[in-house]
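Read through the structure below, which is laid out as structure tokens, and then see the notes.
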Amino acid sequence: MSAPKKGDLSSTEKELFQVITAGDVQEASRLLGCKDVRVNCLDEYGMTPLMHAAYKGKADMCKLLLQHGADVNCNEHEHGYTALMFAGLSGKTDITWMMLDAGAETDVVNSVGRTAAQMAAFVGQHDCVTVINNFFSRARLDYYTKPQGLEKEPKLPPKLAGPLHKVIMSTSLNPVKLVLLVKENPLLAEVEALDKCRRVMELICEKCVKQQDMNEVLAMKMHFISCVLGKCASFLKEREDKLDGLIKCLLKGRESDGFPVFQEKFVRECIRKFPYCNATLLQQLVRSIAPVEIGNDPTAISVLTQAITGQVGFMDSEFCTTCGEKGAEKRCSICKMVIYCDQTCQKMHWFTHKKVCKKLQEQREKQEAESAKLREKHSNEENKAVQGATDSLQTLSVEPNSEAPPSDPPAPAETPSPAPITTADN
Ligand SMILES: [Zn+2]
Ligand SMILES: [Zn+2]
């Protein structure tokens, strides 16, 4: 078939646009298999099926279209809108992410000179703005793997680009997670390699601050990663334990309540060392963190994470105590007060958690007993009231509520190593 022209649609293509609006993925999949359907066909306004699906916030449809080779950077729209711009306007962070992951350019502007991030901000879709600003393509990193100008060697050895990009795109900024990512790759876990990566991170940070459309979110993220890489390098210089010591320092909780003081102080120091002191984001972070006493909520990492990734509800109990990964749901079976991704994360934390686990268990049981007492008192009073009311009506007495408060599950047996984790109850 011929190259797509605006408004030049076969009848099946017209049908495809309707099916996208209706959200029928199965039917769309069938139509995309037809000979007279071009995945990048254009309607009368120059919109592709992907732009329609993104604008209408239909993630499954976007996925299907991308699988069929939809061009994420098609720029035929009458006002120069791209699929990423439509995704940003829709307010769907998953679709925005999908477009970026498929290679959407972030600095393309529409006919009035706005980028996708600026358009999303203009309509108040700040989560999408964060996703766009937080994204860093492999191509942008690969720039540093080629010698520039008079350089004989590139700033970043090409073999390091992959592992470094993995660190940059980590879904959790928790320093433990970042150190684990460094540790798992022998190419990266090496002083010289780390120093090179740090230098590149700082250069990207500087670029983000100095570019015309300043991206403080990405600048802060790059700076933070650079600090963590620096810490890794200094531990590797001094110790032979391949970063295990650093992970322990970051996880070690204080005697009284298990709060990881070293980690908190480290994260605060990283933020304070951000080299551009006029940055609004820096001032915002300092204002949120400085008044908080160490050990209280919010932690510095939760404030930083929220500012950078836009994740809200960071203090909710769905983040792994060890690595900060979202969606953790395995609970310590003794205290039931901490959660982990899996047994690996639990084992890593056990050396310090075991000192407070019993204490946390007692605290929880005390709290539970108290609230059970309260409930009992409450229901007894209710019964009495019912009794009183029925007595005064001179009817036969009401059967007293004999239902005992729910008993606690039996306490687990003494365990020498991490207690088995249970899946989150309720
Ligand atoms: Zn974890
Ligand atoms: Zn425990």
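Letters A, B, ... go to the chains of the structure tokens in the order shown; residues in each chain start at 1; ligands are counted from 1 in the same order.
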Exercise. Residues within 7 Å of ligand 1 should be enumerated using only C-alpha atoms and all ligand atoms and returned as JSON, numbers by chain.
Key: {"A": [320, 321, 322, 323, 324, 325, 328, 340, 341, 342, 345]}
Exercise. Per DSSP on the backbone, filter segment 199-407 of chain A down to the residues in strand (DSSP E) and report them as a ChimeraX atom specification.
Key: /A:330-332,339-340
Give me a file of those residues, with N, CA and C atoms, as a PDB file, in the first residue's frame.
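File written: part.pdb
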ATOM      1  N   LYS A 330       5.703  -9.550  51.228  1.00  0.00           N
ATOM      2  CA  LYS A 330       6.033 -10.645  52.138  1.00  0.00           C
ATOM      3  C   LYS A 330       6.390 -10.042  53.500  1.00  0.00           C
ATOM      4  N   ARG A 331       5.690 -10.502  54.506  1.00  0.00           N
ATOM      5  CA  ARG A 331       5.817  -9.910  55.824  1.00  0.00           C
ATOM      6  C   ARG A 331       6.666 -10.786  56.752  1.00  0.00           C
ATOM      7  N   CYS A 332       7.449 -10.182  57.625  1.00  0.00           N
ATOM      8  CA  CYS A 332       8.158 -10.945  58.650  1.00  0.00           C
ATOM      9  C   CYS A 332       7.096 -11.633  59.495  1.00  0.00           C
ATOM     10  N   ILE A 339       8.078  -5.460  55.637  1.00  0.00           N
ATOM     11  CA  ILE A 339       7.788  -6.266  54.450  1.00  0.00           C
ATOM     12  C   ILE A 339       8.970  -6.267  53.493  1.00  0.00           C
ATOM     13  N   TYR A 340       9.032  -7.328  52.712  1.00  0.00           N
ATOM     14  CA  TYR A 340      10.141  -7.528  51.794  1.00  0.00           C
ATOM     15  C   TYR A 340       9.629  -8.007  50.439  1.00  0.00           C
TER      16      TYR A 340
END
Exercise. Pick out the residues no farther than 10 Å from ligand 2, counting only C-alpha atoms and all ligand atoms, and list them as a VMD selection string.
Key: chain A and resid 331 to 339 346 349 to 350 353 to 361 418 to 421
Deliver the residues from the most recent selection as a file, using C-alpha atoms, as a short mmCIF file (atom, residue, chain, number, x, y, z; two decimals), in the first residue's frame.
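Contents of the output file again.cif:
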data_model
loop_
_atom_site.label_atom_id
_atom_site.label_comp_id
_atom_site.auth_asym_id
_atom_site.auth_seq_id
_atom_site.Cartn_x
_atom_site.Cartn_y
_atom_site.Cartn_z
CA ARG A 331 5.82 -9.91 55.82
CA CYS A 332 8.16 -10.94 58.65
CA SER A 333 6.10 -13.69 60.24
CA ILE A 334 7.15 -12.82 63.80
CA CYS A 335 6.67 -9.09 64.11
CA LYS A 336 4.55 -8.60 60.98
CA MET A 337 5.85 -5.03 60.98
CA VAL A 338 8.27 -5.12 58.03
CA ILE A 339 7.79 -6.27 54.45
CA GLN A 346 14.68 -10.46 54.14
CA HIS A 349 18.06 -7.28 56.54
CA TRP A 350 17.93 -9.99 59.21
CA HIS A 353 16.17 -6.63 62.10
CA LYS A 354 16.65 -9.57 64.49
CA LYS A 355 17.68 -7.10 67.19
CA VAL A 356 14.33 -5.32 67.11
CA CYS A 357 12.00 -7.97 65.71
CA LYS A 358 10.93 -9.25 69.15
CA LYS A 359 10.46 -5.72 70.41
CA LEU A 360 8.31 -4.84 67.40
CA GLN A 361 6.30 -8.01 67.93
CA PRO A 418 15.05 -15.18 59.49
CA ALA A 419 11.58 -16.35 60.22
CA PRO A 420 9.72 -17.50 57.15
CA ILE A 421 7.91 -14.68 55.51
#
Practice problem: Do a neighbour search on Val131 of chain A at 10 Å with only C-alpha atoms, toss out local chain neighbours closer than 3 positions, and write the hits as JSON, numbers by chain. | Solution: {"A": [88, 92, 93, 94, 96, 97, 100, 117, 126, 127, 128, 134, 135, 136, 217, 308, 309, 310]}
Those same residues, written as a PDB file, in the first residue's frame with N, CA and C atoms?
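Result written to selection-v1.pdb:
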ATOM      1  N   GLY A  88       0.793  12.443  27.373  1.00  0.00           N
ATOM      2  CA  GLY A  88       0.911  13.396  28.476  1.00  0.00           C
ATOM      3  C   GLY A  88      -0.415  14.091  28.745  1.00  0.00           C
ATOM      4  N   LYS A  92      -2.156   9.627  31.619  1.00  0.00           N
ATOM      5  CA  LYS A  92      -1.833   8.234  31.960  1.00  0.00           C
ATOM      6  C   LYS A  92      -0.318   8.053  32.006  1.00  0.00           C
ATOM      7  N   THR A  93       0.200   7.772  33.205  1.00  0.00           N
ATOM      8  CA  THR A  93       1.649   7.630  33.332  1.00  0.00           C
ATOM      9  C   THR A  93       2.150   6.358  32.655  1.00  0.00           C
ATOM     10  N   ASP A  94       1.332   5.295  32.680  1.00  0.00           N
ATOM     11  CA  ASP A  94       1.796   4.040  32.056  1.00  0.00           C
ATOM     12  C   ASP A  94       1.951   4.208  30.551  1.00  0.00           C
ATOM     13  N   THR A  96       2.454   7.101  28.987  1.00  0.00           N
ATOM     14  CA  THR A  96       3.574   8.032  28.790  1.00  0.00           C
ATOM     15  C   THR A  96       4.891   7.252  28.813  1.00  0.00           C
ATOM     16  N   TRP A  97       4.981   6.380  29.822  1.00  0.00           N
ATOM     17  CA  TRP A  97       6.187   5.552  29.957  1.00  0.00           C
ATOM     18  C   TRP A  97       6.376   4.661  28.732  1.00  0.00           C
ATOM     19  N   LEU A 100       7.808   6.528  25.815  1.00  0.00           N
ATOM     20  CA  LEU A 100       9.230   6.822  26.019  1.00  0.00           C
ATOM     21  C   LEU A 100      10.066   5.576  25.796  1.00  0.00           C
ATOM     22  N   ALA A 117       6.478  17.503  27.745  1.00  0.00           N
ATOM     23  CA  ALA A 117       6.455  17.771  29.191  1.00  0.00           C
ATOM     24  C   ALA A 117       5.768  19.107  29.464  1.00  0.00           C
ATOM     25  N   HIS A 126       0.784  16.481  36.181  1.00  0.00           N
ATOM     26  CA  HIS A 126       2.149  16.559  36.709  1.00  0.00           C
ATOM     27  C   HIS A 126       2.837  15.205  36.836  1.00  0.00           C
ATOM     28  N   ASP A 127       2.043  14.151  37.035  1.00  0.00           N
ATOM     29  CA  ASP A 127       2.660  12.822  37.112  1.00  0.00           C
ATOM     30  C   ASP A 127       3.306  12.461  35.773  1.00  0.00           C
ATOM     31  N   CYS A 128       2.643  12.843  34.703  1.00  0.00           N
ATOM     32  CA  CYS A 128       3.205  12.568  33.375  1.00  0.00           C
ATOM     33  C   CYS A 128       4.449  13.420  33.141  1.00  0.00           C
ATOM     34  N   ASN A 134      11.896  12.287  34.088  1.00  0.00           N
ATOM     35  CA  ASN A 134      12.670  11.268  34.765  1.00  0.00           C
ATOM     36  C   ASN A 134      13.266  10.252  33.803  1.00  0.00           C
ATOM     37  N   PHE A 135      12.767  10.270  32.597  1.00  0.00           N
ATOM     38  CA  PHE A 135      13.184   9.256  31.635  1.00  0.00           C
ATOM     39  C   PHE A 135      14.523   9.645  31.033  1.00  0.00           C
ATOM     40  N   PHE A 136      15.361   8.671  30.869  1.00  0.00           N
ATOM     41  CA  PHE A 136      16.654   8.947  30.269  1.00  0.00           C
ATOM     42  C   PHE A 136      16.969   7.828  29.287  1.00  0.00           C
ATOM     43  N   VAL A 217      14.584  17.752  38.055  1.00  0.00           N
ATOM     44  CA  VAL A 217      14.287  16.410  38.539  1.00  0.00           C
ATOM     45  C   VAL A 217      15.380  15.443  38.085  1.00  0.00           C
ATOM     46  N   ILE A 308      11.313  12.969  42.858  1.00  0.00           N
ATOM     47  CA  ILE A 308      11.893  12.544  41.589  1.00  0.00           C
ATOM     48  C   ILE A 308      10.958  11.659  40.781  1.00  0.00           C
ATOM     49  N   THR A 309      10.345  10.680  41.424  1.00  0.00           N
ATOM     50  CA  THR A 309       9.529   9.751  40.632  1.00  0.00           C
ATOM     51  C   THR A 309       8.048  10.090  40.696  1.00  0.00           C
ATOM     52  N   GLY A 310       7.685  10.985  41.602  1.00  0.00           N
ATOM     53  CA  GLY A 310       6.275  11.341  41.706  1.00  0.00           C
ATOM     54  C   GLY A 310       5.461  10.283  42.418  1.00  0.00           C
TER      55      GLY A 310
END
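Closest to Phe319 of chain A among A:Leu236, A:Val108, A:Leu285, A:Thr305 is A:Thr305, based on only C-alpha atoms.
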Self-check item: A:Met51, A:Leu188, A:Met348, A:Met222 ranked by distance to Cys74 of chain A, top pick (using only C-alpha atoms)
Solution: A:Met51
Exercise. Step one, run DSSP on the backbone; step two, keep only residues of segment 17-206 of chain A assigned to helix (DSSP H, G or I); then write them as number ranges by chain.
Key: A: 17-22, 25-32, 49-55, 59-67, 83-90, 93-101, 116-122, 126-134, 138-145, 158-168, 175-183, 191-206
Got time to write the residues from that selection, C-alpha atoms, as a compact mmCIF listing (two decimals), in the first residue's frame?
# COMPACT_ATOMS: atom_id res chain seq x y z
CA PHE A 17 -10.15 4.22 14.26
CA GLN A 18 -13.67 3.43 15.45
CA VAL A 19 -12.56 0.24 17.15
CA ILE A 20 -9.78 2.16 18.95
CA THR A 21 -12.32 4.67 20.25
CA ALA A 22 -14.48 1.81 21.46
CA VAL A 25 -8.40 -4.65 21.49
CA GLN A 26 -9.34 -8.02 20.02
CA GLU A 27 -11.08 -6.49 17.05
CA ALA A 28 -8.23 -4.01 16.55
CA SER A 29 -5.81 -6.92 16.50
CA ARG A 30 -7.88 -8.62 13.80
CA LEU A 31 -8.06 -5.44 11.70
CA LEU A 32 -4.31 -4.87 11.97
CA PRO A 49 -4.06 5.13 15.42
CA LEU A 50 -1.37 5.29 18.14
CA MET A 51 -2.04 8.98 18.79
CA HIS A 52 -5.75 8.22 19.14
CA ALA A 53 -5.13 5.33 21.52
CA ALA A 54 -2.70 7.42 23.61
CA TYR A 55 -5.03 10.39 23.77
CA ALA A 59 -2.89 1.31 27.33
CA ASP A 60 -3.61 -2.15 25.89
CA MET A 61 -4.40 -0.61 22.54
CA CYS A 62 -1.13 1.37 22.56
CA LYS A 63 0.77 -1.80 23.34
CA LEU A 64 -0.89 -3.64 20.48
CA LEU A 65 -0.19 -0.83 18.01
CA LEU A 66 3.47 -0.61 19.07
CA GLN A 67 3.78 -4.37 18.62
CA ALA A 83 1.96 10.38 20.45
CA LEU A 84 3.97 11.29 23.57
CA MET A 85 2.22 14.66 23.74
CA PHE A 86 -1.16 12.93 23.52
CA ALA A 87 -0.07 10.49 26.22
CA GLY A 88 0.91 13.40 28.48
CA LEU A 89 -2.42 15.11 27.84
CA SER A 90 -4.28 11.93 28.73
CA THR A 93 1.65 7.63 33.33
CA ASP A 94 1.80 4.04 32.06
CA ILE A 95 1.12 5.14 28.49
CA THR A 96 3.57 8.03 28.79
CA TRP A 97 6.19 5.55 29.96
CA MET A 98 5.33 3.16 27.13
CA MET A 99 5.87 5.88 24.50
CA LEU A 100 9.23 6.82 26.02
CA ASP A 101 10.29 3.22 26.23
CA ALA A 116 5.43 17.03 25.58
CA ALA A 117 6.45 17.77 29.19
CA GLN A 118 5.42 21.41 28.86
CA MET A 119 2.07 20.46 27.37
CA ALA A 120 1.39 17.95 30.13
CA ALA A 121 2.31 20.60 32.72
CA PHE A 122 0.05 23.12 31.00
CA HIS A 126 2.15 16.56 36.71
CA ASP A 127 2.66 12.82 37.11
CA CYS A 128 3.20 12.57 33.37
CA VAL A 129 5.61 15.52 33.51
CA THR A 130 7.61 13.63 36.13
CA VAL A 131 7.64 10.47 34.06
CA ILE A 132 8.90 12.39 31.03
CA ASN A 133 11.50 14.37 32.97
CA ASN A 134 12.67 11.27 34.76
CA ARG A 138 19.94 4.77 26.31
CA ALA A 139 20.73 6.88 23.25
CA ARG A 140 21.42 9.92 25.44
CA LEU A 141 23.83 7.89 27.52
CA ASP A 142 25.46 6.36 24.46
CA TYR A 143 26.51 9.87 23.40
CA TYR A 144 29.22 9.63 26.07
CA THR A 145 30.51 6.34 24.69
CA PRO A 158 30.92 1.44 25.80
CA LYS A 159 30.81 -1.73 27.92
CA LEU A 160 29.70 0.36 30.93
CA ALA A 161 26.75 2.00 29.18
CA GLY A 162 24.43 -0.99 29.66
CA PRO A 163 25.03 -1.53 33.38
CA LEU A 164 24.99 2.22 34.09
CA HIS A 165 21.74 2.68 32.20
CA LYS A 166 20.22 -0.06 34.33
CA VAL A 167 21.18 1.88 37.45
CA ILE A 168 19.74 5.12 36.01
CA PRO A 175 20.65 3.49 47.96
CA VAL A 176 20.64 -0.21 48.92
CA LYS A 177 18.95 -1.02 45.61
CA LEU A 178 21.44 1.11 43.68
CA VAL A 179 24.41 -0.50 45.43
CA LEU A 180 22.96 -3.95 44.69
CA LEU A 181 22.73 -3.02 41.00
CA VAL A 182 26.39 -1.95 41.05
CA LYS A 183 27.43 -5.08 42.91
CA VAL A 191 36.87 1.81 41.31
CA GLU A 192 38.02 3.12 37.93
CA ALA A 193 34.75 2.25 36.21
CA LEU A 194 32.76 3.91 38.99
CA ASP A 195 34.82 7.08 38.75
CA LYS A 196 34.14 7.30 35.01
CA CYS A 197 30.42 6.72 35.52
CA ARG A 198 30.31 9.36 38.25
CA ARG A 199 31.95 11.90 35.98
CA VAL A 200 29.36 11.21 33.27
CA MET A 201 26.51 11.49 35.80
CA GLU A 202 27.81 14.88 36.93
CA LEU A 203 28.12 16.06 33.32
CA ILE A 204 24.52 15.05 32.62
CA CYS A 205 23.46 16.77 35.83
CA GLU A 206 25.17 19.97 34.71
Exercise. Kindly indicate which residue among A:Glu190, A:Asp36, A:Glu368, A:Glu78 lies nearest to Gly7 of chain A, using only C-alpha atoms for the distances.
Key: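 Comparing A:Glu190, A:Asp36, A:Glu368, A:Glu78 against Gly7 of chain A, the winner is A:Glu78.
Rounded to one decimal, atom CA of Tyr81 of chain A and atom CA of Gly113 of chain A lie 10.4 Å from each other.
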